[in-house]
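What follows is a single structure, written as structure tokens, with notes after it.
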Amino acid sequence: MRCDTLWTRARLATCAGDGLGLIEQGCVAASDGTIVYAGPVADAPVLDPVQRIDCAGRWITPGLIDCHTHLVHGGDRSHEFELRLAGASYEEIARAGGGIVSTMEATRAASEDALVASALPRLDALIAEGVTTVEIKSGYGLDTATEVRMLRAARRLGVERPVRVATTFLGAHALPPEYAGDADGYIAMLCDVLLSQVAAAGLADAVDAFCEGIGFSLAQTERIFRAAAAHGLPVKLHAEQLSNLHGAALAAQYAAISADHLEYLDDAGVAAMARAGTVATLLPGAYYFVRETKLPPIAALRAAGVPIALATDCNPGTSPLTSLLLTMNMGATLFGLTVDECLLGVTRNGAQALGLADRIGTLEAGKACDLAIWDIERPAELVYRMGFNPLHARIWSGQ
């Protein structure tokens with residue numbers, strides 16, 4: 001079989017099948033940016049590569065996937081961090097005009113070029129750790145012009161860097177001041193005007209909302225979901241982060257690809273997600289940063305067979321985190337996830353949380369050749385270490 005590149009003398013964590021799919025003596029072959037073989041050397045077809053790369057016993061995993069970020073935004077919120085250290089709660093800061101609305105003002109003032117320039121260092125930090133796919137949400141514009149500008153900036157990041165960018169429209173992130181006291185009016189504008197423009201321009205791959213006491217109600221969230229369905233866009237949801245509004249169960253009714261945060265998720269929500277195949281995206285960076293004490297129901301999610309993904313939730317207010325490796329360590333130390341769960345959470349399950357499981361997330365023939373090659377002795381090192389980056393090489397679409 002002719003192929004472009006053959007990676008030999010490798011140990012593989014394919015993340016396919018049961019567990020991590022470990023192979024001690026493996027190889028990966030790719031052509032035209034697609035894997036044509038990944039598996040044991042003993043089972044490989046006769047391969048005739050244009051280029052042969054000796055991995056010298058290194059481990060290869062799928063390229064890492066950060067499936068929940070807010071990379072594009074203006075300004076920072078370090079002052080709010082100081083307020084929280086002095087005892088202010090997330091809700092108190094938000095209700096006093098801080099939080100998302102503070103970032104909204106900085107984002108509205110930023111040009112598209114400025115948004116791209118400020119996001120690139122955050123994106124580069126992820127890429128340096130083997131990330132090959134990143135989801136980026138809007139939600140800091142909260143008006144037509146800025147939401148569109150954010151999504152265009154996010155798309156541009158996938159041109160500026162060799163990385164796959166999935167964009168999510170999160171207009172229902174917070175209530176802008178011009179709609180104070182009229183949340184229903186704002187949701188109507190999102191559904192009737194803004195979402196139509198975003199969909200027509202092909203700027204979003206999914207639609208998200210913040211279903212919370214300081215966000216939007218269950219009824220308002222459902223209206224967003226119906227509008228997304230009318231445009232053929234899948235939905236996701238920020239759910240049960242600060243309280244239990246039963247948002248995850250609603251998301252499951254609409255076949256959401258993921259429900260995220262989930263600290264206050266109840267058994268009914270877990271069961272609904274399991275029935276719908278909705279991924280539970282856990283965000284330990286936010287849990288750590290806001291000093292939350294209510295753990296997501298890990299045991300219940302496991303028992304129900306709900307796939308668990310992990311992501312940085314990189315954002316200026318509650319998770320200024322740009323390390324998916326540290327995210328895995330936090331998932332293990334704070335949430336009690338296993339090494340396998342952490343690694344699958346940023347590969348196979350991360351792909352499922354983006355609706356991209358047919359294209360990325362595992363080392364299998366027919367998938368994109370997105371690889372991370374590591375200077376490690378065993379996969380557990382990727383979860384165990386803190387502040388250490390053992391990436392040897394990153395391959396995106398075969399390059």
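Residue numbers start at 1 in each chain; chains themselves are named A, B, ... in the order of the structure tokens; ligands are numbered from 1 in the order shown.
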Neighbour list for segment 351-362 of chain A as a compact mmCIF listing (two decimals) with all heavy atoms, in the first residue's frame, cut-off 10 Å, only C-alpha atoms, skip fewer than 5 positions in-chain:
# COMPACT_ATOMS: atom_id res chain seq x y z
N ALA A 13 -1.59 4.62 21.79
CA ALA A 13 -2.83 4.65 22.56
C ALA A 13 -3.90 5.09 21.56
O ALA A 13 -4.09 6.29 21.34
CB ALA A 13 -2.73 5.62 23.73
N THR A 14 -4.54 4.12 20.94
CA THR A 14 -5.45 4.44 19.84
C THR A 14 -6.73 5.12 20.32
O THR A 14 -7.40 5.79 19.56
CB THR A 14 -5.84 3.17 19.06
OG1 THR A 14 -6.60 2.31 19.90
CG2 THR A 14 -4.60 2.44 18.55
N CYS A 15 -7.09 4.90 21.60
CA CYS A 15 -8.34 5.43 22.17
C CYS A 15 -9.56 4.89 21.45
O CYS A 15 -10.65 5.48 21.52
CB CYS A 15 -8.34 6.95 22.19
SG CYS A 15 -7.00 7.63 23.23
N ALA A 16 -9.39 3.78 20.76
CA ALA A 16 -10.50 3.11 20.07
C ALA A 16 -10.83 1.82 20.80
O ALA A 16 -9.97 1.20 21.43
CB ALA A 16 -10.11 2.82 18.62
N GLY A 17 -12.09 1.41 20.74
CA GLY A 17 -12.50 0.18 21.40
C GLY A 17 -12.57 0.36 22.90
O GLY A 17 -12.92 1.42 23.41
N LEU A 20 -7.95 2.52 26.48
CA LEU A 20 -7.08 3.35 25.66
C LEU A 20 -6.59 2.65 24.39
O LEU A 20 -5.94 3.27 23.56
CB LEU A 20 -5.86 3.80 26.47
CG LEU A 20 -6.15 4.72 27.65
CD1 LEU A 20 -4.85 5.10 28.35
CD2 LEU A 20 -6.89 5.97 27.20
N GLY A 21 -6.89 1.36 24.24
CA GLY A 21 -6.46 0.65 23.04
C GLY A 21 -4.95 0.65 22.88
O GLY A 21 -4.42 1.03 21.83
N THR A 34 -5.14 11.64 5.95
CA THR A 34 -6.05 10.66 6.56
C THR A 34 -5.28 9.40 6.95
O THR A 34 -4.41 8.93 6.20
CB THR A 34 -7.18 10.29 5.59
OG1 THR A 34 -7.91 11.47 5.26
CG2 THR A 34 -8.13 9.27 6.19
N ALA A 38 -3.56 2.11 11.44
CA ALA A 38 -3.03 2.35 12.77
C ALA A 38 -3.26 1.10 13.57
O ALA A 38 -4.40 0.68 13.78
CB ALA A 38 -3.71 3.55 13.43
N THR A 61 -0.60 9.30 20.63
CA THR A 61 -2.03 9.38 20.93
C THR A 61 -2.71 10.17 19.82
O THR A 61 -2.04 10.84 19.02
CB THR A 61 -2.30 10.09 22.27
OG1 THR A 61 -1.98 11.49 22.13
CG2 THR A 61 -1.50 9.49 23.41
N PRO A 62 -4.03 10.14 19.76
CA PRO A 62 -4.69 11.10 18.88
C PRO A 62 -4.34 12.52 19.32
O PRO A 62 -4.03 12.77 20.49
CB PRO A 62 -6.19 10.82 19.13
CG PRO A 62 -6.24 9.43 19.68
CD PRO A 62 -4.98 9.26 20.48
N GLY A 63 -4.36 13.45 18.38
CA GLY A 63 -4.20 14.84 18.76
C GLY A 63 -5.24 15.21 19.80
O GLY A 63 -6.39 14.73 19.77
N LEU A 64 -4.86 16.05 20.77
CA LEU A 64 -5.78 16.37 21.86
C LEU A 64 -6.86 17.34 21.38
O LEU A 64 -6.66 18.12 20.45
CB LEU A 64 -5.01 16.97 23.03
CG LEU A 64 -3.86 16.12 23.60
CD1 LEU A 64 -3.34 16.75 24.89
CD2 LEU A 64 -4.29 14.68 23.85
N ILE A 65 -8.00 17.28 22.05
CA ILE A 65 -9.18 18.07 21.68
C ILE A 65 -9.65 18.87 22.89
O ILE A 65 -9.96 18.28 23.93
CB ILE A 65 -10.31 17.15 21.19
CG1 ILE A 65 -9.87 16.36 19.95
CG2 ILE A 65 -11.59 17.94 20.91
CD1 ILE A 65 -10.76 15.19 19.62
N ASP A 66 -9.69 20.18 22.77
CA ASP A 66 -10.24 21.04 23.82
C ASP A 66 -11.64 21.44 23.37
O ASP A 66 -11.81 22.32 22.53
CB ASP A 66 -9.35 22.26 24.03
CG ASP A 66 -9.66 22.99 25.33
OD1 ASP A 66 -10.66 22.64 25.97
OD2 ASP A 66 -8.89 23.89 25.71
N CYS A 67 -12.65 20.79 23.95
CA CYS A 67 -14.01 20.87 23.40
C CYS A 67 -14.88 21.93 24.05
O CYS A 67 -16.09 21.98 23.78
CB CYS A 67 -14.68 19.50 23.46
SG CYS A 67 -14.96 18.87 25.14
N HIS A 68 -14.31 22.79 24.89
CA HIS A 68 -15.10 23.89 25.49
C HIS A 68 -14.14 25.02 25.85
O HIS A 68 -13.41 24.93 26.84
CB HIS A 68 -15.83 23.38 26.74
CG HIS A 68 -16.67 24.42 27.44
ND1 HIS A 68 -17.97 24.17 27.82
CD2 HIS A 68 -16.42 25.69 27.83
CE1 HIS A 68 -18.47 25.25 28.43
NE2 HIS A 68 -17.54 26.18 28.46
N THR A 132 -4.99 19.59 18.66
CA THR A 132 -5.18 19.71 17.21
C THR A 132 -6.59 20.17 16.85
O THR A 132 -6.84 20.53 15.70
CB THR A 132 -4.90 18.37 16.51
OG1 THR A 132 -5.65 17.33 17.15
CG2 THR A 132 -3.41 18.03 16.56
N THR A 133 -7.51 20.15 17.82
CA THR A 133 -8.87 20.64 17.60
C THR A 133 -9.30 21.44 18.82
O THR A 133 -9.08 21.00 19.96
CB THR A 133 -9.87 19.49 17.38
OG1 THR A 133 -9.50 18.75 16.20
CG2 THR A 133 -11.29 20.01 17.21
N VAL A 134 -9.91 22.60 18.58
CA VAL A 134 -10.37 23.44 19.69
C VAL A 134 -11.74 24.01 19.34
O VAL A 134 -11.97 24.44 18.22
CB VAL A 134 -9.35 24.56 20.01
CG1 VAL A 134 -9.13 25.46 18.82
CG2 VAL A 134 -9.79 25.37 21.21
N GLU A 135 -12.64 23.97 20.31
CA GLU A 135 -13.93 24.63 20.17
C GLU A 135 -13.81 26.04 20.72
O GLU A 135 -13.15 26.25 21.75
CB GLU A 135 -14.99 23.83 20.95
CG GLU A 135 -16.42 24.36 20.78
CD GLU A 135 -16.92 25.12 22.00
OE1 GLU A 135 -16.08 25.60 22.81
OE2 GLU A 135 -18.14 25.26 22.15
N ALA A 166 -13.76 24.46 15.85
CA ALA A 166 -15.21 24.32 15.84
C ALA A 166 -15.80 25.53 16.54
O ALA A 166 -15.41 25.84 17.67
CB ALA A 166 -15.62 23.02 16.54
N THR A 167 -16.71 26.22 15.90
CA THR A 167 -17.27 27.45 16.47
C THR A 167 -18.66 27.19 17.04
O THR A 167 -19.45 26.44 16.46
CB THR A 167 -17.35 28.57 15.42
OG1 THR A 167 -18.07 28.09 14.29
CG2 THR A 167 -15.97 29.02 15.00
N THR A 168 -18.96 27.84 18.15
CA THR A 168 -20.26 27.70 18.81
C THR A 168 -20.84 29.09 19.08
O THR A 168 -20.17 29.94 19.66
CB THR A 168 -20.12 26.93 20.13
OG1 THR A 168 -19.63 25.62 19.85
CG2 THR A 168 -21.46 26.82 20.84
N ASP A 205 -20.94 26.11 14.19
CA ASP A 205 -21.12 24.66 14.06
C ASP A 205 -22.11 24.13 15.08
O ASP A 205 -22.56 22.99 14.97
CB ASP A 205 -19.78 23.95 14.23
CG ASP A 205 -18.75 24.42 13.21
OD1 ASP A 205 -19.08 24.40 12.02
OD2 ASP A 205 -17.64 24.83 13.62
N ALA A 206 -22.43 24.92 16.11
CA ALA A 206 -23.35 24.51 17.16
C ALA A 206 -23.87 25.75 17.86
O ALA A 206 -23.35 26.86 17.66
CB ALA A 206 -22.68 23.56 18.16
N PRO A 234 -26.77 21.69 15.75
CA PRO A 234 -26.83 20.95 17.02
C PRO A 234 -26.67 21.88 18.20
O PRO A 234 -26.16 23.00 18.06
CB PRO A 234 -25.65 19.97 16.91
CG PRO A 234 -24.68 20.66 16.00
CD PRO A 234 -25.53 21.42 15.01
N VAL A 235 -27.10 21.41 19.37
CA VAL A 235 -27.05 22.26 20.57
C VAL A 235 -26.15 21.66 21.63
O VAL A 235 -25.91 20.45 21.67
CB VAL A 235 -28.46 22.53 21.15
CG1 VAL A 235 -29.30 23.30 20.15
CG2 VAL A 235 -29.15 21.23 21.56
N LYS A 236 -25.66 22.55 22.50
CA LYS A 236 -24.89 22.24 23.69
C LYS A 236 -25.47 23.10 24.80
O LYS A 236 -26.27 23.99 24.53
CB LYS A 236 -23.41 22.59 23.49
CG LYS A 236 -22.77 22.00 22.25
CD LYS A 236 -21.48 22.71 21.87
CE LYS A 236 -20.36 22.45 22.84
NZ LYS A 236 -19.88 21.07 22.76
N ALA A 256 -28.86 17.12 22.57
CA ALA A 256 -27.65 17.93 22.68
C ALA A 256 -26.41 17.06 22.57
O ALA A 256 -26.35 15.95 23.11
CB ALA A 256 -27.64 18.67 24.02
N ILE A 257 -25.38 17.57 21.90
CA ILE A 257 -24.14 16.80 21.79
C ILE A 257 -23.38 16.82 23.11
O ILE A 257 -22.63 15.89 23.40
CB ILE A 257 -23.26 17.27 20.62
CG1 ILE A 257 -23.08 18.78 20.62
CG2 ILE A 257 -23.86 16.82 19.30
CD1 ILE A 257 -22.21 19.30 19.50
N SER A 258 -23.57 17.87 23.91
CA SER A 258 -22.94 17.88 25.23
C SER A 258 -23.72 18.77 26.18
O SER A 258 -24.43 19.69 25.76
CB SER A 258 -21.48 18.36 25.16
OG SER A 258 -21.42 19.77 24.99
N ALA A 259 -23.58 18.48 27.48
CA ALA A 259 -24.00 19.37 28.55
C ALA A 259 -22.78 19.55 29.43
O ALA A 259 -22.11 18.58 29.78
CB ALA A 259 -25.17 18.78 29.35
N ASP A 260 -22.48 20.80 29.80
CA ASP A 260 -21.16 21.14 30.35
C ASP A 260 -21.27 21.76 31.75
O ASP A 260 -22.24 22.44 32.06
CB ASP A 260 -20.46 22.11 29.42
CG ASP A 260 -20.32 21.57 28.00
OD1 ASP A 260 -21.06 20.64 27.63
OD2 ASP A 260 -19.47 22.07 27.24
N GLY A 277 -27.49 10.05 24.63
CA GLY A 277 -26.11 9.99 24.17
C GLY A 277 -25.38 11.32 24.29
O GLY A 277 -24.39 11.56 23.60
N THR A 278 -25.86 12.18 25.18
CA THR A 278 -25.25 13.50 25.40
C THR A 278 -23.99 13.36 26.25
O THR A 278 -24.01 12.72 27.30
CB THR A 278 -26.25 14.44 26.10
OG1 THR A 278 -27.41 14.60 25.27
CG2 THR A 278 -25.63 15.80 26.38
N VAL A 279 -22.91 13.94 25.79
CA VAL A 279 -21.63 13.88 26.50
C VAL A 279 -21.64 14.83 27.70
O VAL A 279 -22.15 15.95 27.61
CB VAL A 279 -20.47 14.24 25.56
CG1 VAL A 279 -19.14 14.29 26.31
CG2 VAL A 279 -20.39 13.24 24.40
N ALA A 280 -21.08 14.38 28.81
CA ALA A 280 -20.88 15.24 29.98
C ALA A 280 -19.49 15.86 29.89
O ALA A 280 -18.49 15.15 30.05
CB ALA A 280 -21.01 14.43 31.27
N THR A 281 -19.43 17.14 29.60
CA THR A 281 -18.15 17.83 29.52
C THR A 281 -17.87 18.49 30.87
O THR A 281 -18.57 19.41 31.27
CB THR A 281 -18.14 18.88 28.40
OG1 THR A 281 -18.36 18.22 27.14
CG2 THR A 281 -16.80 19.61 28.35
N PRO A 307 -20.71 9.30 28.38
CA PRO A 307 -19.33 9.63 28.05
C PRO A 307 -18.90 10.92 28.75
O PRO A 307 -19.67 11.88 28.81
CB PRO A 307 -19.36 9.83 26.52
CG PRO A 307 -20.63 9.18 26.07
CD PRO A 307 -21.59 9.30 27.20
N ILE A 308 -17.68 10.93 29.26
CA ILE A 308 -17.16 12.09 29.98
C ILE A 308 -16.02 12.72 29.18
O ILE A 308 -15.05 12.04 28.84
CB ILE A 308 -16.65 11.69 31.38
CG1 ILE A 308 -17.81 11.19 32.25
CG2 ILE A 308 -15.96 12.87 32.06
CD1 ILE A 308 -17.37 10.61 33.58
N ALA A 309 -16.18 14.01 28.87
CA ALA A 309 -15.12 14.77 28.23
C ALA A 309 -14.54 15.76 29.23
O ALA A 309 -15.19 16.10 30.23
CB ALA A 309 -15.65 15.52 27.01
N LEU A 310 -13.33 16.21 28.97
CA LEU A 310 -12.68 17.25 29.78
C LEU A 310 -12.27 18.39 28.87
O LEU A 310 -11.86 18.17 27.72
CB LEU A 310 -11.44 16.70 30.48
CG LEU A 310 -11.61 15.77 31.68
CD1 LEU A 310 -10.26 15.22 32.10
CD2 LEU A 310 -12.27 16.53 32.84
N LEU A 344 -9.28 9.71 27.52
CA LEU A 344 -10.42 9.59 26.60
C LEU A 344 -11.23 10.88 26.60
O LEU A 344 -11.84 11.24 25.58
CB LEU A 344 -11.31 8.41 27.00
CG LEU A 344 -10.68 7.02 26.82
CD1 LEU A 344 -11.62 5.95 27.36
CD2 LEU A 344 -10.36 6.76 25.35
N GLY A 345 -11.19 11.60 27.72
CA GLY A 345 -11.93 12.85 27.81
C GLY A 345 -11.41 13.95 26.92
O GLY A 345 -12.14 14.89 26.57
N VAL A 346 -10.13 13.88 26.53
CA VAL A 346 -9.56 14.91 25.66
C VAL A 346 -9.23 14.34 24.27
O VAL A 346 -8.53 14.98 23.50
CB VAL A 346 -8.29 15.54 26.29
CG1 VAL A 346 -8.65 16.22 27.61
CG2 VAL A 346 -7.20 14.51 26.50
N LYS A 367 -9.90 8.17 9.79
CA LYS A 367 -9.92 9.39 10.59
C LYS A 367 -8.82 10.35 10.13
O LYS A 367 -7.83 9.94 9.51
CB LYS A 367 -9.71 9.06 12.09
CG LYS A 367 -10.77 8.15 12.70
CD LYS A 367 -12.05 8.91 13.00
CE LYS A 367 -13.07 8.03 13.70
NZ LYS A 367 -12.79 7.88 15.14
N ALA A 368 -8.99 11.62 10.46
CA ALA A 368 -7.94 12.60 10.17
C ALA A 368 -6.66 12.20 10.89
O ALA A 368 -6.68 11.72 12.02
CB ALA A 368 -8.39 13.98 10.63
N CYS A 369 -5.53 12.42 10.22
CA CYS A 369 -4.24 12.07 10.82
C CYS A 369 -3.80 13.21 11.73
O CYS A 369 -2.92 14.01 11.39
CB CYS A 369 -3.20 11.80 9.74
SG CYS A 369 -1.64 11.21 10.43
N ASP A 370 -4.45 13.28 12.89
CA ASP A 370 -4.09 14.22 13.94
C ASP A 370 -3.42 13.42 15.05
O ASP A 370 -4.08 12.60 15.70
CB ASP A 370 -5.33 14.93 14.50
CG ASP A 370 -6.01 15.83 13.49
OD1 ASP A 370 -5.45 16.05 12.40
OD2 ASP A 370 -7.11 16.33 13.80
N LEU A 371 -2.13 13.65 15.26
CA LEU A 371 -1.36 12.85 16.20
C LEU A 371 -0.62 13.74 17.20
O LEU A 371 -0.23 14.86 16.88
CB LEU A 371 -0.30 12.00 15.47
CG LEU A 371 -0.70 11.24 14.21
CD1 LEU A 371 0.53 10.53 13.63
CD2 LEU A 371 -1.80 10.25 14.51
Practice task
Write out as a list in words which residues come within 7 Å of Thr312 of chain A when counting only C-alpha atoms, dropping same-chain ones fewer than 6 positions away.
Solution key: Asp66, His68, Thr69, Leu283, Gly285, Leu321, Thr322, Ser323, Leu324 and Thr327 of chain A
Selection file, N, CA, C and O atoms, as a PDB file, in the first residue's frame:
ATOM      1  N   ASP A  66      -9.687  20.180  22.770  1.00  0.00           N
ATOM      2  CA  ASP A  66     -10.238  21.043  23.817  1.00  0.00           C
ATOM      3  C   ASP A  66     -11.645  21.439  23.375  1.00  0.00           C
ATOM      4  O   ASP A  66     -11.813  22.324  22.526  1.00  0.00           O
ATOM      5  N   HIS A  68     -14.314  22.795  24.892  1.00  0.00           N
ATOM      6  CA  HIS A  68     -15.096  23.887  25.491  1.00  0.00           C
ATOM      7  C   HIS A  68     -14.144  25.016  25.853  1.00  0.00           C
ATOM      8  O   HIS A  68     -13.413  24.933  26.844  1.00  0.00           O
ATOM      9  N   THR A  69     -14.122  26.076  25.026  1.00  0.00           N
ATOM     10  CA  THR A  69     -13.301  27.247  25.340  1.00  0.00           C
ATOM     11  C   THR A  69     -14.040  28.521  24.962  1.00  0.00           C
ATOM     12  O   THR A  69     -14.983  28.523  24.173  1.00  0.00           O
ATOM     13  N   LEU A 283     -15.418  20.538  33.600  1.00  0.00           N
ATOM     14  CA  LEU A 283     -14.519  21.678  33.483  1.00  0.00           C
ATOM     15  C   LEU A 283     -13.840  21.949  34.822  1.00  0.00           C
ATOM     16  O   LEU A 283     -14.207  22.874  35.558  1.00  0.00           O
ATOM     17  N   GLY A 285     -11.076  23.256  35.625  1.00  0.00           N
ATOM     18  CA  GLY A 285     -10.428  24.555  35.788  1.00  0.00           C
ATOM     19  C   GLY A 285     -11.361  25.569  36.414  1.00  0.00           C
ATOM     20  O   GLY A 285     -10.970  26.326  37.311  1.00  0.00           O
ATOM     21  N   LEU A 321      -7.345  29.302  31.934  1.00  0.00           N
ATOM     22  CA  LEU A 321      -6.498  28.104  31.853  1.00  0.00           C
ATOM     23  C   LEU A 321      -6.222  27.781  30.395  1.00  0.00           C
ATOM     24  O   LEU A 321      -7.151  27.663  29.591  1.00  0.00           O
ATOM     25  N   THR A 322      -4.957  27.616  30.045  1.00  0.00           N
ATOM     26  CA  THR A 322      -4.579  27.290  28.665  1.00  0.00           C
ATOM     27  C   THR A 322      -3.725  26.027  28.604  1.00  0.00           C
ATOM     28  O   THR A 322      -2.867  25.889  27.744  1.00  0.00           O
ATOM     29  N   SER A 323      -3.972  25.094  29.524  1.00  0.00           N
ATOM     30  CA  SER A 323      -3.235  23.834  29.538  1.00  0.00           C
ATOM     31  C   SER A 323      -4.211  22.671  29.641  1.00  0.00           C
ATOM     32  O   SER A 323      -4.842  22.475  30.678  1.00  0.00           O
ATOM     33  N   LEU A 324      -4.313  21.909  28.563  1.00  0.00           N
ATOM     34  CA  LEU A 324      -5.166  20.732  28.610  1.00  0.00           C
ATOM     35  C   LEU A 324      -4.503  19.604  29.398  1.00  0.00           C
ATOM     36  O   LEU A 324      -5.186  18.755  29.988  1.00  0.00           O
ATOM     37  N   THR A 327      -5.405  20.340  32.852  1.00  0.00           N
ATOM     38  CA  THR A 327      -6.825  20.010  32.982  1.00  0.00           C
ATOM     39  C   THR A 327      -7.013  18.530  33.295  1.00  0.00           C
ATOM     40  O   THR A 327      -7.847  18.159  34.137  1.00  0.00           O
TER      41      THR A 327
END
Problem - Residue neighbourhood Phe289 of chain A, 12 Å, only C-alpha atoms, exclusion window fewer than 2 positions, as a list in words - result: Ser78, Glu80, Phe81, Glu82, Arg84, Leu85, Ser89, Tyr90, Leu283, Pro284, Gly285, Ala286, Tyr287, Arg291, Glu292, Thr293, Thr312, Asp313, Cys314, Asn315, Pro316, Gly317, Thr318, Ser319, Pro320, Leu321, Thr327, Met330 and Leu334 of chain A
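A straight line drawn from atom CA of Arg58 of chain A to atom CA of Ile373 of chain A is 6.6 Å long.
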Handout entry: Which of segment 134-234 of chain A fall in strand (DSSP E), as number ranges by chain
Key = A: 134-137, 164-172, 206-211
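Across A:Ala114, A:Leu142, A:Leu391, A:Leu12, the tightest approach to Ile376 of chain A is made by A:Leu391 when counting only C-alpha atoms.
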Practice task
Go ahead and compute the interatomic distance for atom CA of Ala365 of chain A and atom CA of Asp54 of chain A, in Å to one decimal.
Solution key: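 Taking atom CA of Ala365 of chain A as the start and atom CA of Asp54 of chain A as the end point, the length is 20.0 Å.
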Problem - Who sits within 8 Å of Ser138 of chain A, only C-alpha atoms, same chain under 4 positions skipped, as a list in words - result: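 Everything that qualifies: His70, Val72, Glu147, Met150, Leu151, Thr167, Thr168, Phe169, Leu170 and Gly171 of chain A.
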Practice task
Please provide the set of residues having any atom within 12 Å of segment 158-160 of chain A, restricted to only C-alpha atoms, with same-chain residues fewer than 2 positions apart removed, written as a list in words.
Solution key: Asp113, Val116, Ala117, Ala119, Leu120, Pro121, Leu123, Asp124, Ile127, Thr132, Thr133, Val134, Glu135, Ile136, Leu151, Arg152, Ala153, Ala154, Arg155, Arg156, Pro162, Val163, Arg164, Val165, Ala166, Thr167 and Trp396 of chain A
Restrict the selected residues to N, CA, C and O atoms and save them as a compact mmCIF listing (two decimals), in the first residue's frame.
# COMPACT_ATOMS: atom_id res chain seq x y z
N ASP A 113 -9.31 42.17 14.12
CA ASP A 113 -7.86 41.92 14.15
C ASP A 113 -7.36 41.86 15.59
O ASP A 113 -6.51 41.02 15.93
N VAL A 116 -8.33 38.53 17.18
CA VAL A 116 -7.46 37.46 16.70
C VAL A 116 -6.10 37.54 17.38
O VAL A 116 -5.57 36.54 17.88
N ALA A 117 -5.53 38.73 17.42
CA ALA A 117 -4.19 38.90 18.00
C ALA A 117 -4.16 38.52 19.47
O ALA A 117 -3.20 37.89 19.94
N ALA A 119 -6.18 36.42 21.00
CA ALA A 119 -6.47 34.99 21.18
C ALA A 119 -5.32 34.09 20.77
O ALA A 119 -5.19 32.97 21.29
N LEU A 120 -4.47 34.55 19.86
CA LEU A 120 -3.41 33.68 19.34
C LEU A 120 -2.47 33.15 20.43
O LEU A 120 -2.12 31.96 20.40
N PRO A 121 -2.00 33.94 21.40
CA PRO A 121 -1.15 33.35 22.44
C PRO A 121 -1.85 32.25 23.24
O PRO A 121 -1.22 31.27 23.63
N LEU A 123 -4.25 30.29 22.08
CA LEU A 123 -4.31 29.15 21.17
C LEU A 123 -2.95 28.48 21.03
O LEU A 123 -2.85 27.24 21.04
N ASP A 124 -1.89 29.28 20.93
CA ASP A 124 -0.55 28.72 20.80
C ASP A 124 -0.16 27.87 22.01
O ASP A 124 0.53 26.85 21.87
N ILE A 127 -1.84 24.54 21.43
CA ILE A 127 -1.18 23.82 20.34
C ILE A 127 0.15 23.23 20.81
O ILE A 127 0.51 22.10 20.45
N THR A 132 -4.99 19.59 18.66
CA THR A 132 -5.18 19.71 17.21
C THR A 132 -6.59 20.17 16.85
O THR A 132 -6.84 20.53 15.70
N THR A 133 -7.51 20.15 17.82
CA THR A 133 -8.87 20.64 17.60
C THR A 133 -9.30 21.44 18.82
O THR A 133 -9.08 21.00 19.96
N VAL A 134 -9.91 22.60 18.58
CA VAL A 134 -10.37 23.44 19.69
C VAL A 134 -11.74 24.01 19.34
O VAL A 134 -11.97 24.44 18.22
N GLU A 135 -12.64 23.97 20.31
CA GLU A 135 -13.93 24.63 20.17
C GLU A 135 -13.81 26.04 20.72
O GLU A 135 -13.15 26.25 21.75
N ILE A 136 -14.42 27.01 20.03
CA ILE A 136 -14.38 28.41 20.47
C ILE A 136 -15.79 28.96 20.41
O ILE A 136 -16.46 28.90 19.37
N LEU A 151 -17.20 35.37 16.03
CA LEU A 151 -17.20 34.11 15.29
C LEU A 151 -16.28 34.17 14.07
O LEU A 151 -15.61 33.18 13.74
N ARG A 152 -16.23 35.32 13.43
CA ARG A 152 -15.29 35.47 12.31
C ARG A 152 -13.85 35.39 12.81
O ARG A 152 -12.98 34.79 12.17
N ALA A 153 -13.58 35.99 13.96
CA ALA A 153 -12.23 35.91 14.53
C ALA A 153 -11.88 34.46 14.86
O ALA A 153 -10.75 34.01 14.61
N ALA A 154 -12.84 33.73 15.40
CA ALA A 154 -12.58 32.32 15.73
C ALA A 154 -12.28 31.53 14.47
O ALA A 154 -11.35 30.69 14.44
N ARG A 155 -13.05 31.75 13.41
CA ARG A 155 -12.76 31.06 12.15
C ARG A 155 -11.36 31.42 11.64
O ARG A 155 -10.64 30.56 11.12
N ARG A 156 -10.97 32.67 11.79
CA ARG A 156 -9.65 33.09 11.31
C ARG A 156 -8.52 32.40 12.05
O ARG A 156 -7.44 32.16 11.48
N PRO A 162 -2.29 25.90 12.20
CA PRO A 162 -2.71 24.57 11.74
C PRO A 162 -3.49 23.86 12.84
O PRO A 162 -2.96 23.03 13.58
N VAL A 163 -4.75 24.19 12.95
CA VAL A 163 -5.59 23.63 14.00
C VAL A 163 -7.02 23.61 13.48
O VAL A 163 -7.42 24.47 12.70
N ARG A 164 -7.78 22.63 13.91
CA ARG A 164 -9.20 22.54 13.55
C ARG A 164 -10.00 23.34 14.57
O ARG A 164 -9.91 23.10 15.76
N VAL A 165 -10.79 24.30 14.11
CA VAL A 165 -11.60 25.13 14.99
C VAL A 165 -13.08 24.82 14.78
O VAL A 165 -13.57 24.89 13.65
N ALA A 166 -13.76 24.46 15.85
CA ALA A 166 -15.21 24.32 15.84
C ALA A 166 -15.80 25.53 16.54
O ALA A 166 -15.41 25.84 17.67
N THR A 167 -16.71 26.22 15.90
CA THR A 167 -17.27 27.45 16.47
C THR A 167 -18.66 27.19 17.04
O THR A 167 -19.45 26.44 16.46
N TRP A 396 -0.89 17.50 12.41
CA TRP A 396 -2.26 17.92 12.12
C TRP A 396 -2.55 17.66 10.64
O TRP A 396 -1.82 18.14 9.77
Exercise for the section: Please provide the set of residues having any atom within 12 Å of segment 212-214 of chain A, restricted to only C-alpha atoms, with same-chain residues fewer than 6 positions apart removed, written as a PyMOL selection string. Expected result: chain A and resi 90-97+99-101+172-175+183+220-221+237-248+261-262+264
Using only C-alpha atoms, I'd like a table of the residues in segment 179-203 of chain A that come within 12 Å of segment 208-211 of chain A; for each, show the closest atom pair and its distance in Å rounded to one decimal, ordered by chain and ascending number, as CSV.
residue,atom,partner,partner_atom,distance
A:Ile187,CA,A:Ala209,CA,10.5
A:Leu190,CA,A:Ala209,CA,11.1
A:Cys191,CA,A:Ala209,CA,12.0
A:Leu195,CA,A:Asp208,CA,11.3
